[in-house]
file protein_7.cif (mmCIF, C-alpha atoms)
data_target
#
loop_
_atom_site.label_atom_id
_atom_site.label_comp_id
_atom_site.auth_asym_id
_atom_site.auth_seq_id
_atom_site.Cartn_x
_atom_site.Cartn_y
_atom_site.Cartn_z
CA MET A 173 0.00 0.00 0.00
CA LYS A 174 2.79 2.37 0.88
CA LEU A 175 4.51 1.72 -2.47
CA ARG A 176 1.25 2.54 -4.28
CA TYR A 177 1.08 5.94 -2.54
CA ILE A 178 4.69 6.64 -3.41
CA LYS A 179 4.07 5.84 -7.08
CA ALA A 180 0.96 8.06 -7.11
CA TYR A 181 2.92 10.90 -5.50
CA VAL A 182 5.77 10.56 -8.01
CA TRP A 183 3.29 10.46 -10.91
CA LEU A 184 1.47 13.60 -9.72
CA SER A 185 4.78 15.37 -9.19
CA CYS A 186 5.90 14.53 -12.72
CA VAL A 187 2.60 15.77 -14.16
CA PHE A 188 2.92 19.01 -12.18
CA VAL A 189 6.51 19.61 -13.34
CA ALA A 190 5.58 18.77 -16.93
CA ASN A 191 2.74 21.30 -16.85
CA VAL A 192 5.05 24.00 -15.52
CA ILE A 193 7.61 23.24 -18.25
CA VAL A 194 4.96 23.30 -20.99
CA TYR A 195 3.52 26.57 -19.65
CA THR A 196 6.97 28.15 -19.58
CA VAL A 197 7.88 26.94 -23.08
CA VAL A 198 4.60 28.18 -24.53
CA THR A 199 4.90 31.53 -22.79
CA LEU A 200 8.44 32.04 -24.01
CA SER A 201 7.57 30.83 -27.50
CA ARG A 202 4.92 33.53 -27.85
CA ARG A 203 7.52 36.09 -26.75
CA PRO A 204 10.46 34.98 -28.92
CA LEU A 205 11.63 38.55 -29.26
CA SER A 206 12.68 39.04 -25.67
CA LEU A 207 16.14 37.59 -26.24
CA GLN A 208 18.42 40.57 -26.06
CA ALA A 209 21.10 41.39 -28.57
CA SER A 210 23.34 41.88 -25.57
CA GLY A 211 22.95 38.22 -24.62
CA ARG A 212 20.43 38.66 -21.80
CA SER A 213 18.19 35.72 -21.14
CA ALA A 214 14.53 35.54 -22.10
CA PHE A 215 12.11 37.59 -20.06
CA ILE A 216 8.52 36.88 -19.07
CA GLY A 217 6.62 40.15 -18.70
CA GLY A 218 6.14 41.37 -15.15
CA HIS A 219 2.36 41.11 -15.46
CA LEU A 220 2.56 37.29 -15.44
CA ARG A 221 2.21 35.58 -12.06
CA LEU A 222 1.73 31.84 -12.48
CA TRP A 223 0.02 31.10 -9.16
CA GLN A 224 -1.11 34.54 -8.06
CA HIS A 225 -4.84 34.88 -7.39
CA ARG A 226 -6.30 37.84 -9.22
CA ASP A 227 -9.48 39.65 -8.24
CA LEU A 228 -10.86 40.15 -11.72
CA HIS A 229 -13.62 42.45 -10.54
CA GLY A 230 -11.09 44.89 -9.07
CA LEU A 231 -8.86 45.16 -12.12
CA PRO A 232 -8.86 48.22 -14.40
CA LEU A 233 -10.00 47.40 -17.91
CA TRP A 234 -6.54 47.43 -19.51
CA ASP A 235 -5.07 45.06 -16.90
CA LEU A 236 -8.08 42.79 -17.25
CA LEU A 237 -7.63 42.59 -21.01
CA LEU A 238 -3.91 41.96 -20.61
CA LEU A 239 -4.51 39.00 -18.30
CA TYR A 240 -7.30 37.71 -20.54
CA MET A 241 -5.10 37.83 -23.66
CA ASP A 242 -2.27 36.09 -21.80
CA ARG A 243 -4.50 33.18 -20.84
CA LEU A 244 -6.29 33.05 -24.17
CA GLU A 245 -2.98 32.45 -25.95
CA ASN A 246 -1.79 29.78 -23.51
CA PRO A 247 -3.03 26.25 -24.25
CA ILE A 248 -2.79 25.25 -20.60
CA LEU A 249 -4.71 28.18 -19.12
CA ARG A 250 -7.02 28.83 -22.08
CA ASN A 251 -9.86 26.95 -20.40
CA THR A 252 -9.72 29.30 -17.39
CA THR A 253 -10.86 32.33 -19.43
CA ALA A 254 -14.55 31.56 -18.78
CA GLN A 255 -14.23 33.28 -15.39
CA PHE A 256 -13.53 36.57 -17.19
CA ASN A 257 -17.03 36.55 -18.71
CA LEU A 258 -15.47 38.40 -21.64
CA THR A 259 -15.32 37.81 -25.38
CA LEU A 260 -13.38 39.88 -27.89
CA PRO A 261 -15.46 40.85 -30.94
CA GLY A 262 -14.72 38.70 -33.96
CA THR A 263 -14.63 41.53 -36.50
CA CYS A 264 -13.79 45.21 -36.69
CA GLY A 265 -17.40 45.92 -37.62
CA GLU A 266 -18.51 44.95 -34.10
CA SER A 267 -18.12 47.39 -31.21
CA PHE A 268 -16.46 46.20 -28.04
CA HIS A 269 -19.57 46.79 -25.91
CA GLU A 270 -18.49 44.25 -23.29
CA ALA A 271 -15.54 46.48 -22.44
CA SER A 272 -17.71 49.57 -22.08
CA GLN A 273 -20.11 47.62 -19.85
CA ARG A 274 -17.24 46.80 -17.50
CA LEU A 275 -16.63 50.52 -16.99
CA VAL A 276 -19.16 52.01 -14.58
CA ASP A 277 -17.96 55.50 -15.50
CA PHE A 278 -17.83 54.91 -19.27
CA SER A 279 -20.41 57.63 -19.93
CA SER A 280 -18.03 60.18 -18.36
CA TYR A 281 -15.20 59.31 -20.77
CA PRO A 282 -14.47 61.93 -23.49
CA SER A 283 -16.07 60.96 -26.80
CA HIS A 284 -12.74 60.12 -28.50
CA LEU A 285 -11.77 57.88 -25.57
CA GLN A 286 -15.15 56.15 -25.71
CA ALA A 287 -14.58 55.53 -29.42
CA PHE A 288 -11.13 54.11 -28.61
CA VAL A 289 -12.53 51.64 -26.07
CA LEU A 290 -15.26 50.46 -28.44
CA SER A 291 -12.74 49.74 -31.21
CA MET A 292 -9.56 48.83 -29.30
CA HIS A 293 -9.90 45.16 -30.27
CA CYS A 294 -9.38 45.94 -33.95
CA ARG A 295 -6.04 46.38 -35.73
CA ASP A 296 -6.96 44.98 -39.12
CA TYR A 297 -7.52 48.14 -41.12
CA PRO A 298 -6.82 48.10 -44.87
CA LEU A 299 -4.29 50.41 -46.49
CA LEU A 300 -6.23 52.73 -48.81
CA VAL A 301 -3.31 54.67 -50.28
CA GLY A 302 0.32 53.66 -50.52
CA PRO A 303 3.22 54.04 -52.92
CA ALA A 304 4.57 51.16 -54.98
CA ASP A 305 7.47 49.29 -53.43
CA ASP A 306 10.05 50.95 -55.67
CA GLU A 307 8.62 54.37 -54.73
CA ALA A 308 8.28 53.71 -51.00
CA CYS A 309 11.98 53.03 -50.47
CA PRO A 310 13.94 53.48 -53.70
CA ASN A 311 17.65 53.04 -54.29
CA GLY A 312 18.43 50.99 -51.20
CA THR A 313 16.98 53.39 -48.60
CA GLN A 314 18.72 52.98 -45.24
CA LEU A 315 16.94 55.59 -43.09
CA LEU A 316 13.16 55.75 -43.30
CA VAL A 317 11.56 58.89 -41.87
CA ALA A 318 7.94 58.12 -40.98
CA VAL A 319 5.96 61.24 -40.11
CA ARG A 320 2.59 60.98 -38.38
CA SER A 321 0.32 63.54 -39.97
CA GLN A 322 -3.37 64.24 -40.54
CA MET A 323 -5.17 64.74 -43.83
CA ALA A 324 -5.68 68.49 -43.37
CA ASN A 325 -2.02 69.21 -42.53
CA PHE A 326 -0.91 69.85 -46.12
CA ASP A 327 1.25 72.82 -45.13
CA ARG A 328 3.16 70.82 -42.50
CA ARG A 329 3.92 68.00 -44.88
CA GLN A 330 5.07 70.36 -47.61
CA ALA A 331 7.33 72.27 -45.21
CA ILE A 332 8.98 68.98 -44.23
CA ARG A 333 9.41 67.91 -47.86
CA GLN A 334 11.13 71.22 -48.65
CA THR A 335 13.47 71.08 -45.64
CA TRP A 336 14.66 68.35 -43.31
CA GLY A 337 12.49 65.61 -44.85
CA ARG A 338 14.11 65.81 -48.29
CA THR A 339 14.92 62.45 -49.78
CA GLY A 340 18.46 61.69 -50.89
CA LEU A 341 21.90 61.21 -49.38
CA VAL A 342 22.79 62.43 -45.88
CA ARG A 343 26.24 61.43 -44.60
CA ASN A 344 26.32 58.78 -47.37
CA VAL A 345 23.03 57.33 -46.10
CA THR A 346 19.99 57.21 -48.39
CA VAL A 347 16.98 58.81 -46.70
CA GLN A 348 13.31 58.45 -47.63
CA THR A 349 10.31 60.20 -46.03
CA LEU A 350 6.76 58.84 -45.81
CA PHE A 351 3.69 60.40 -44.16
CA LEU A 352 1.27 58.27 -42.10
CA LEU A 353 -2.42 59.14 -42.26
CA GLY A 354 -5.82 57.89 -41.18
CA ARG A 355 -9.26 58.89 -42.37
CA GLN A 356 -11.01 62.10 -41.34
CA GLY A 357 -14.55 61.99 -42.67
CA SER A 358 -16.73 65.01 -43.31
CA GLY A 359 -19.19 63.51 -40.84
CA ASP A 360 -16.72 64.36 -38.07
CA GLY A 361 -16.86 68.05 -38.94
CA HIS A 362 -13.88 67.94 -41.31
CA PRO A 363 -14.04 69.37 -44.85
CA ASP A 364 -13.91 67.03 -47.81
CA LEU A 365 -10.22 66.87 -48.76
CA GLU A 366 -10.25 63.78 -50.97
CA ALA A 367 -9.50 65.64 -54.22
CA LEU A 368 -6.59 67.59 -52.69
CA LEU A 369 -5.23 64.43 -51.09
CA GLU A 370 -5.38 62.61 -54.42
CA LEU A 371 -3.41 65.43 -56.05
CA GLU A 372 -0.83 65.30 -53.27
CA ARG A 373 -0.58 61.52 -53.56
CA TRP A 374 -0.10 61.68 -57.33
CA LYS A 375 2.54 64.42 -57.11
CA ASN A 376 4.64 63.15 -54.19
CA ARG A 377 3.92 59.40 -53.86
CA ASP A 378 4.87 59.45 -50.19
CA LEU A 379 1.55 58.88 -48.38
CA LEU A 380 0.37 55.86 -46.40
CA LEU A 381 -3.36 56.16 -45.62
CA TRP A 382 -5.27 53.55 -43.59
CA ASP A 383 -9.01 53.14 -43.22
CA PHE A 384 -9.37 54.14 -39.56
CA GLN A 385 -10.48 57.32 -37.82
CA ASP A 386 -7.46 59.53 -37.25
CA THR A 387 -7.73 60.83 -33.67
CA PHE A 388 -5.25 61.49 -30.89
CA TYR A 389 -6.26 58.30 -29.08
CA ASN A 390 -5.64 56.27 -32.26
CA LEU A 391 -1.99 57.25 -32.64
CA SER A 392 -0.98 53.94 -31.05
CA LEU A 393 -2.96 52.21 -33.77
CA LYS A 394 -1.24 54.29 -36.44
CA ASN A 395 2.18 53.31 -35.07
CA ILE A 396 1.32 49.62 -35.06
CA LEU A 397 -0.16 49.71 -38.56
CA PHE A 398 3.02 51.36 -39.83
CA LEU A 399 5.29 48.84 -38.06
CA GLY A 400 3.23 46.02 -39.56
CA TRP A 401 3.50 47.57 -43.02
CA LEU A 402 7.27 47.96 -42.61
CA ARG A 403 7.73 44.23 -42.05
CA GLY A 404 6.71 43.55 -45.65
CA HIS A 405 8.36 46.56 -47.28
CA CYS A 406 11.63 48.45 -47.50
CA PRO A 407 14.01 45.53 -46.83
CA SER A 408 17.10 47.75 -47.09
CA VAL A 409 15.98 50.07 -44.26
CA GLU A 410 18.22 49.82 -41.20
CA LEU A 411 16.96 52.77 -39.15
CA ILE A 412 13.56 54.39 -38.62
CA PHE A 413 12.78 57.86 -37.35
CA LEU A 414 9.13 57.95 -36.28
CA GLY A 415 7.90 61.44 -35.49
CA ASP A 416 5.17 64.06 -35.71
CA ASP A 417 4.62 66.66 -38.41
CA ASP A 418 5.37 69.59 -36.10
CA VAL A 419 9.00 68.72 -35.36
CA PHE A 420 12.26 70.02 -36.80
CA VAL A 421 14.96 67.37 -37.23
CA ARG A 422 18.69 67.70 -37.89
CA VAL A 423 19.02 64.54 -39.99
CA ASP A 424 22.79 64.89 -40.30
CA THR A 425 23.12 65.01 -36.48
CA LEU A 426 20.69 62.10 -36.21
CA MET A 427 22.85 59.98 -38.49
CA ALA A 428 26.03 60.99 -36.68
CA TYR A 429 24.44 59.74 -33.45
CA ALA A 430 23.33 56.47 -35.04
CA GLY A 431 26.79 55.99 -36.51
CA SER A 432 28.36 56.15 -33.04
CA PHE A 433 27.09 52.64 -32.20
CA ASP A 434 28.67 49.35 -33.17
CA ALA A 435 26.61 46.91 -35.22
CA VAL A 436 25.43 44.84 -32.23
CA THR A 437 24.37 47.80 -30.10
CA ARG A 438 22.70 49.46 -33.05
CA ARG A 439 20.35 46.49 -33.50
CA GLY A 440 18.82 47.26 -30.10
CA LEU A 441 18.51 51.01 -30.67
CA PHE A 442 15.42 52.84 -29.41
CA ALA A 443 16.30 56.40 -28.47
CA GLY A 444 14.80 59.79 -27.72
CA HIS A 445 13.83 61.88 -24.72
CA VAL A 446 13.25 59.25 -22.02
CA ILE A 447 10.63 59.92 -19.33
CA GLN A 448 10.52 57.75 -16.20
CA ASP A 449 8.19 57.28 -13.23
CA ALA A 450 5.32 59.06 -14.94
CA ALA A 451 1.76 58.39 -13.83
CA PRO A 452 -1.59 58.66 -15.62
CA VAL A 453 -3.25 62.07 -15.74
CA HIS A 454 -6.67 61.92 -14.08
CA ASP A 455 -7.85 65.38 -15.08
CA CYS A 456 -10.59 64.72 -17.64
CA LYS A 457 -9.87 68.06 -19.35
CA HIS A 458 -6.25 67.14 -20.03
CA LYS A 459 -5.13 65.88 -23.43
CA HIS A 460 -3.49 62.81 -21.89
CA TYR A 461 -6.38 61.91 -19.59
CA VAL A 462 -6.53 58.22 -18.64
CA PRO A 463 -9.25 57.21 -16.12
CA GLU A 464 -8.43 55.04 -13.13
CA SER A 465 -11.06 52.57 -14.28
CA PHE A 466 -9.01 52.01 -17.43
CA TYR A 467 -5.43 51.90 -16.10
CA GLN A 468 -3.74 52.25 -12.70
CA GLY A 469 -0.14 52.44 -11.56
CA THR A 470 2.88 54.17 -13.02
CA TYR A 471 3.98 54.00 -16.63
CA PRO A 472 7.12 52.15 -17.72
CA PRO A 473 10.01 54.25 -19.05
CA TYR A 474 9.04 55.66 -22.44
CA VAL A 475 10.25 58.15 -25.03
CA GLY A 476 8.37 61.44 -25.09
CA GLY A 477 6.26 62.49 -28.03
CA GLY A 478 7.71 64.21 -31.05
CA GLY A 479 10.05 61.58 -32.34
CA ILE A 480 12.09 58.43 -31.73
CA LEU A 481 14.95 56.71 -33.52
CA CYS A 482 15.00 52.92 -33.62
CA SER A 483 16.59 50.08 -35.52
CA ARG A 484 14.65 47.85 -37.87
CA ASP A 485 15.24 44.94 -35.51
CA VAL A 486 13.54 46.75 -32.63
CA ALA A 487 10.72 47.95 -34.90
CA THR A 488 9.99 44.35 -35.91
CA ARG A 489 10.06 43.14 -32.32
CA LEU A 490 7.80 45.99 -31.18
CA HIS A 491 5.18 44.98 -33.72
CA GLU A 492 5.28 41.36 -32.62
CA ALA A 493 5.07 42.35 -28.94
CA SER A 494 2.06 44.57 -29.65
CA CYS A 495 0.14 41.55 -30.93
CA HIS A 496 0.03 40.23 -27.35
CA LEU A 497 -0.81 43.52 -25.63
CA PRO A 498 -4.07 45.49 -25.54
CA LEU A 499 -3.83 48.84 -27.29
CA PHE A 500 -3.29 51.87 -25.08
CA PRO A 501 -4.74 55.30 -25.94
CA ILE A 502 -1.45 57.23 -25.66
CA ASP A 503 1.05 56.22 -28.32
CA ASN A 504 4.38 56.90 -26.62
CA ILE A 505 3.18 55.14 -23.46
CA TYR A 506 2.14 52.14 -25.53
CA LEU A 507 5.55 51.88 -27.19
CA GLY A 508 7.04 51.98 -23.67
CA ILE A 509 4.75 49.12 -22.65
CA CYS A 510 5.88 47.13 -25.69
CA LEU A 511 9.52 47.83 -24.80
CA ARG A 512 8.90 46.54 -21.29
CA GLU A 513 7.43 43.36 -22.79
CA LEU A 514 10.71 42.93 -24.66
CA ALA A 515 12.83 43.74 -21.59
CA LEU A 516 14.34 46.68 -23.49
CA MET A 517 15.15 50.07 -22.02
CA PRO A 518 14.86 53.21 -24.17
CA GLN A 519 18.05 55.22 -24.51
CA ASN A 520 18.01 58.88 -23.56
CA HIS A 521 19.66 61.50 -25.74
CA PRO A 522 19.69 65.19 -24.70
CA GLY A 523 19.46 66.22 -28.34
CA PHE A 524 15.78 65.21 -28.49
CA TRP A 525 13.79 68.21 -27.25
CA THR A 526 10.28 66.96 -26.57
CA PHE A 527 9.37 70.05 -24.59
CA ASN A 528 9.65 73.49 -26.10
CA MET A 529 12.73 75.67 -25.78
CA GLU A 530 12.67 78.84 -23.73
CA ALA A 531 11.26 81.72 -25.74
CA GLU A 532 14.50 83.67 -25.71
CA GLY A 533 16.45 80.71 -27.11
CA GLN A 534 14.15 79.93 -30.01
CA GLU A 535 15.58 82.70 -32.20
CA ASP A 536 19.19 81.67 -31.59
CA LEU A 537 20.08 79.45 -34.55
CA CYS A 538 23.27 78.31 -32.88
CA ALA A 539 21.19 76.72 -30.13
CA TYR A 540 19.97 74.18 -32.71
CA LYS A 541 23.39 73.15 -34.03
CA GLU A 542 23.88 70.17 -31.70
CA LEU A 543 20.23 69.20 -31.35
CA ILE A 544 18.64 66.25 -33.13
CA MET A 545 14.96 67.15 -32.83
CA VAL A 546 12.86 70.05 -31.57
CA ASP A 547 9.12 69.69 -31.04
CA HIS A 548 6.23 72.13 -31.53
CA ARG A 549 7.31 74.01 -34.65
CA THR A 550 5.03 75.62 -37.22
CA PRO A 551 5.66 75.16 -40.96
CA GLN A 552 7.03 78.71 -41.02
CA ASP A 553 9.38 77.92 -38.12
CA ILE A 554 10.63 74.82 -39.93
CA ILE A 555 11.43 76.70 -43.13
CA ARG A 556 13.07 79.56 -41.24
CA LEU A 557 15.25 77.18 -39.22
CA TRP A 558 16.25 75.20 -42.30
CA ARG A 559 17.27 78.29 -44.23
CA GLY A 560 19.07 79.83 -41.28
CA LEU A 561 21.04 76.72 -40.39
CA HIS A 562 22.12 76.26 -44.02
CA ASP A 563 23.17 79.87 -44.43
CA PRO A 564 26.92 79.93 -45.20
CA ALA A 565 27.15 83.19 -43.27
CA LEU A 566 26.01 81.54 -40.02
CA ALA A 567 28.85 81.62 -37.47
CA CYS A 568 28.51 79.70 -34.22
#
call {"tool": "encode", "arguments": {"input": "protein_7.cif", "output": "structure tokens"}}
result
Amino acid sequence: MKLRYIKAYVWLSCVFVANVIVYTVVTLSRRPLSLQASGRSAFIGGHLRLWQHRDLHGLPLWDLLLLYMDRLENPILRNTTAQFNLTLPGTCGESFHEASQRLVDFSSYPSHLQAFVLSMHCRDYPLLVGPADDEACPNGTQLLVAVRSQMANFDRRQAIRQTWGRTGLVRNVTVQTLFLLGRQGSGDGHPDLEALLELERWKNRDLLLWDFQDTFYNLSLKNILFLGWLRGHCPSVELIFLGDDDVFVRVDTLMAYAGSFDAVTRRGLFAGHVIQDAAPVHDCKHKHYVPESFYQGTYPPYVGGGGILCSRDVATRLHEASCHLPLFPIDNIYLGICLRELALMPQNHPGFWTFNMEAEGQEDLCAYKELIMVDHRTPQDIIRLWRGLHDPALAC
């Protein structure tokens, strides 16, 4: 009898260990990108706790969706998702009403944030406008400048084309600029710009336009759609600058910075103005408002808005990581969350000025000589800076 108990105990122990091994292998296999170029071991995101009891009713919506997606993708724990009483919509045409019903204060959310919650399950939006492959990245493009813009911002895009976003050689590196757009329908109070946009597309062949509503809270979606597009295009691209259409960039300084890394370090590059220990803004009138019912806790380190520089390797890994993470309504925070999933830390560079310069320093052209990027510039500012910094008479 005693031997029978021992055999049963050994058998149960083996089953338990086997389940743990399978769980670990499956978890790591769905995060294959967390192996660091520096040789660090694989990392399981900090949100995973194998045996920790979670009070699902007390979780903010984003954390609840994160845990649900983790279990849904794991063959061992997939059967435990029934306790969530949650089902992701099967198509983009369905609204995510179950999510809104979990939020007792959903009616107090700003309209754009409500729209984000109702559609945050969907990332499968078709590309409506895009250049041919030989036009998107011609002549072995190595640096791709991807500028987030909106349909109505014709003047901003043209100012960039005429100045720092010019295509061609910079420090013997071939540079190409593309502009990332979403839809802005006349039903949202926007004028009908289709004819002007078609003329711009035909003349410049540098627009990527997806079939989603282009709002502030959908910038994370725009980033992910671009990173997904990049995986199938522009194979020669080694570096990506992803920024807004109101920034001024010193591309030559940007390339000098990128050239300071060896090949191994450069593969893990994700740089900009790093912000740490930030917390959600709970003022509903603020642009970056995130309710406590949606997300709680501090944010991971992230690069401030305006622009980031990353390697193609990191861009690919970010897109794959995003497939396992719920979308977040603030784009730079979401990229920071994806970096955390990959166990990567963003690199800070003082040349990225996310916040505006002091008023008295904005007119001093020499103050821009060593900078890489400056945020919050009008099209007129961009042209003035470009001309001034390329004036042979400028002495600094």
call {"tool": "closest_residue", "arguments": {"input": "protein_7.cif", "among": "A:Arg243, A:Thr470, A:Asp424, A:Leu441", "to": "His562 (chain A)", "atoms": "only C-alpha atoms"}}
result
A:Asp424
call {"tool": "closest_atom_pairs", "arguments": {"input": "protein_7.cif", "of": "region 429-529 of chain A", "to": "region 381-395 of chain A", "cutoff": "9 Å", "atoms": "all atoms listed in the file", "output": "CSV"}}
result
residue,atom,partner,partner_atom,distance
A:Lys459,CA,A:Phe388,CA,8.7
A:His460,CA,A:Tyr389,CA,8.9
A:His491,CA,A:Asn395,CA,9.0
A:Leu499,CA,A:Ser392,CA,6.9
A:Phe500,CA,A:Ser392,CA,6.7
A:Pro501,CA,A:Tyr389,CA,4.6
A:Ile502,CA,A:Tyr389,CA,6.0
A:Asp503,CA,A:Ser392,CA,4.1
A:Asn504,CA,A:Ser392,CA,7.6
A:Ile505,CA,A:Ser392,CA,8.7
A:Tyr506,CA,A:Ser392,CA,6.6
A:Leu507,CA,A:Ser392,CA,7.9
call {"tool": "write_last_selection", "arguments": {"input": "protein_7.cif", "atoms": "C-alpha atoms", "output": "PDB file, keeping the file's coordinate frame"}}
result
ATOM      1  CA  LYS A 459      -5.130  65.880 -23.430  1.00  0.00           C
ATOM      2  CA  HIS A 460      -3.490  62.810 -21.890  1.00  0.00           C
ATOM      3  CA  HIS A 491       5.180  44.980 -33.720  1.00  0.00           C
ATOM      4  CA  LEU A 499      -3.830  48.840 -27.290  1.00  0.00           C
ATOM      5  CA  PHE A 500      -3.290  51.870 -25.080  1.00  0.00           C
ATOM      6  CA  PRO A 501      -4.740  55.300 -25.940  1.00  0.00           C
ATOM      7  CA  ILE A 502      -1.450  57.230 -25.660  1.00  0.00           C
ATOM      8  CA  ASP A 503       1.050  56.220 -28.320  1.00  0.00           C
ATOM      9  CA  ASN A 504       4.380  56.900 -26.620  1.00  0.00           C
ATOM     10  CA  ILE A 505       3.180  55.140 -23.460  1.00  0.00           C
ATOM     11  CA  TYR A 506       2.140  52.140 -25.530  1.00  0.00           C
ATOM     12  CA  LEU A 507       5.550  51.880 -27.190  1.00  0.00           C
TER      13      LEU A 507
END
call {"tool": "closest_residue", "arguments": {"input": "protein_7.cif", "among": "A:Gly302, A:Gly560, A:Gly523, A:Gly337", "to": "Val546 (chain A)", "atoms": "all atoms listed in the file"}}
result
A:Gly523
call {"tool": "resolve_selection", "arguments": {"input": "protein_7.cif", "expression": "the PyMOL selection byres ((chain A and resi 426-433) around 12)", "output": "ChimeraX atom specification"}}
result
/A:314-317,336,341-347,410-413,420-425,434-444,479-483,519-524,541-545
call {"tool": "write_last_selection", "arguments": {"input": "protein_7.cif", "atoms": "C-alpha atoms", "output": "PDB file, in the frame of the given file"}}
result
ATOM      1  CA  GLN A 314      18.720  52.980 -45.240  1.00  0.00           C
ATOM      2  CA  LEU A 315      16.940  55.590 -43.090  1.00  0.00           C
ATOM      3  CA  LEU A 316      13.160  55.750 -43.300  1.00  0.00           C
ATOM      4  CA  VAL A 317      11.560  58.890 -41.870  1.00  0.00           C
ATOM      5  CA  TRP A 336      14.660  68.350 -43.310  1.00  0.00           C
ATOM      6  CA  LEU A 341      21.900  61.210 -49.380  1.00  0.00           C
ATOM      7  CA  VAL A 342      22.790  62.430 -45.880  1.00  0.00           C
ATOM      8  CA  ARG A 343      26.240  61.430 -44.600  1.00  0.00           C
ATOM      9  CA  ASN A 344      26.320  58.780 -47.370  1.00  0.00           C
ATOM     10  CA  VAL A 345      23.030  57.330 -46.100  1.00  0.00           C
ATOM     11  CA  THR A 346      19.990  57.210 -48.390  1.00  0.00           C
ATOM     12  CA  VAL A 347      16.980  58.810 -46.700  1.00  0.00           C
ATOM     13  CA  GLU A 410      18.220  49.820 -41.200  1.00  0.00           C
ATOM     14  CA  LEU A 411      16.960  52.770 -39.150  1.00  0.00           C
ATOM     15  CA  ILE A 412      13.560  54.390 -38.620  1.00  0.00           C
ATOM     16  CA  PHE A 413      12.780  57.860 -37.350  1.00  0.00           C
ATOM     17  CA  PHE A 420      12.260  70.020 -36.800  1.00  0.00           C
ATOM     18  CA  VAL A 421      14.960  67.370 -37.230  1.00  0.00           C
ATOM     19  CA  ARG A 422      18.690  67.700 -37.890  1.00  0.00           C
ATOM     20  CA  VAL A 423      19.020  64.540 -39.990  1.00  0.00           C
ATOM     21  CA  ASP A 424      22.790  64.890 -40.300  1.00  0.00           C
ATOM     22  CA  THR A 425      23.120  65.010 -36.480  1.00  0.00           C
ATOM     23  CA  ASP A 434      28.670  49.350 -33.170  1.00  0.00           C
ATOM     24  CA  ALA A 435      26.610  46.910 -35.220  1.00  0.00           C
ATOM     25  CA  VAL A 436      25.430  44.840 -32.230  1.00  0.00           C
ATOM     26  CA  THR A 437      24.370  47.800 -30.100  1.00  0.00           C
ATOM     27  CA  ARG A 438      22.700  49.460 -33.050  1.00  0.00           C
ATOM     28  CA  ARG A 439      20.350  46.490 -33.500  1.00  0.00           C
ATOM     29  CA  GLY A 440      18.820  47.260 -30.100  1.00  0.00           C
ATOM     30  CA  LEU A 441      18.510  51.010 -30.670  1.00  0.00           C
ATOM     31  CA  PHE A 442      15.420  52.840 -29.410  1.00  0.00           C
ATOM     32  CA  ALA A 443      16.300  56.400 -28.470  1.00  0.00           C
ATOM     33  CA  GLY A 444      14.800  59.790 -27.720  1.00  0.00           C
ATOM     34  CA  GLY A 479      10.050  61.580 -32.340  1.00  0.00           C
ATOM     35  CA  ILE A 480      12.090  58.430 -31.730  1.00  0.00           C
ATOM     36  CA  LEU A 481      14.950  56.710 -33.520  1.00  0.00           C
ATOM     37  CA  CYS A 482      15.000  52.920 -33.620  1.00  0.00           C
ATOM     38  CA  SER A 483      16.590  50.080 -35.520  1.00  0.00           C
ATOM     39  CA  GLN A 519      18.050  55.220 -24.510  1.00  0.00           C
ATOM     40  CA  ASN A 520      18.010  58.880 -23.560  1.00  0.00           C
ATOM     41  CA  HIS A 521      19.660  61.500 -25.740  1.00  0.00           C
ATOM     42  CA  PRO A 522      19.690  65.190 -24.700  1.00  0.00           C
ATOM     43  CA  GLY A 523      19.460  66.220 -28.340  1.00  0.00           C
ATOM     44  CA  PHE A 524      15.780  65.210 -28.490  1.00  0.00           C
ATOM     45  CA  LYS A 541      23.390  73.150 -34.030  1.00  0.00           C
ATOM     46  CA  GLU A 542      23.880  70.170 -31.700  1.00  0.00           C
ATOM     47  CA  LEU A 543      20.230  69.200 -31.350  1.00  0.00           C
ATOM     48  CA  ILE A 544      18.640  66.250 -33.130  1.00  0.00           C
ATOM     49  CA  MET A 545      14.960  67.150 -32.830  1.00  0.00           C
TER      50      MET A 545
END
call {"tool": "resolve_selection", "arguments": {"input": "protein_7.cif", "expression": "the PyMOL selection byres ((chain A and resi 321) around 7)", "output": "number ranges by chain"}}
result
A: 319-320, 322-323, 325, 351-353, 416-417
call {"tool": "resolve_selection", "arguments": {"input": "protein_7.cif", "expression": "the PyMOL selection byres ((chain A and resi 285) around 10)", "output": "ChimeraX atom specification"}}
result
/A:278,280-284,286-291,387-390,461-463,501
call {"tool": "atom_distance", "arguments": {"input": "protein_7.cif", "atom1": "CA of Thr335 (chain A)", "atom2": "CA of Leu557 (chain A)"}}
result
9.0 Å
call {"tool": "residues_around", "arguments": {"input": "protein_7.cif", "residues": "Phe268 (chain A)", "least_positions_apart": "4", "cutoff": "12 Å", "atoms": "only C-alpha atoms", "output": "tab-separated table (two decimals) with C-alpha atoms, in the frame of the given file"}}
result
chain	number	residue	atom	x	y	z
A	237	LEU	CA	-7.63	42.59	-21.01
A	258	LEU	CA	-15.47	38.40	-21.64
A	259	THR	CA	-15.32	37.81	-25.38
A	260	LEU	CA	-13.38	39.88	-27.89
A	261	PRO	CA	-15.46	40.85	-30.94
A	262	GLY	CA	-14.72	38.70	-33.96
A	263	THR	CA	-14.63	41.53	-36.50
A	264	CYS	CA	-13.79	45.21	-36.69
A	272	SER	CA	-17.71	49.57	-22.08
A	273	GLN	CA	-20.11	47.62	-19.85
A	274	ARG	CA	-17.24	46.80	-17.50
A	275	LEU	CA	-16.63	50.52	-16.99
A	286	GLN	CA	-15.15	56.15	-25.71
A	287	ALA	CA	-14.58	55.53	-29.42
A	288	PHE	CA	-11.13	54.11	-28.61
A	289	VAL	CA	-12.53	51.64	-26.07
A	290	LEU	CA	-15.26	50.46	-28.44
A	291	SER	CA	-12.74	49.74	-31.21
A	292	MET	CA	-9.56	48.83	-29.30
A	293	HIS	CA	-9.90	45.16	-30.27
A	294	CYS	CA	-9.38	45.94	-33.95
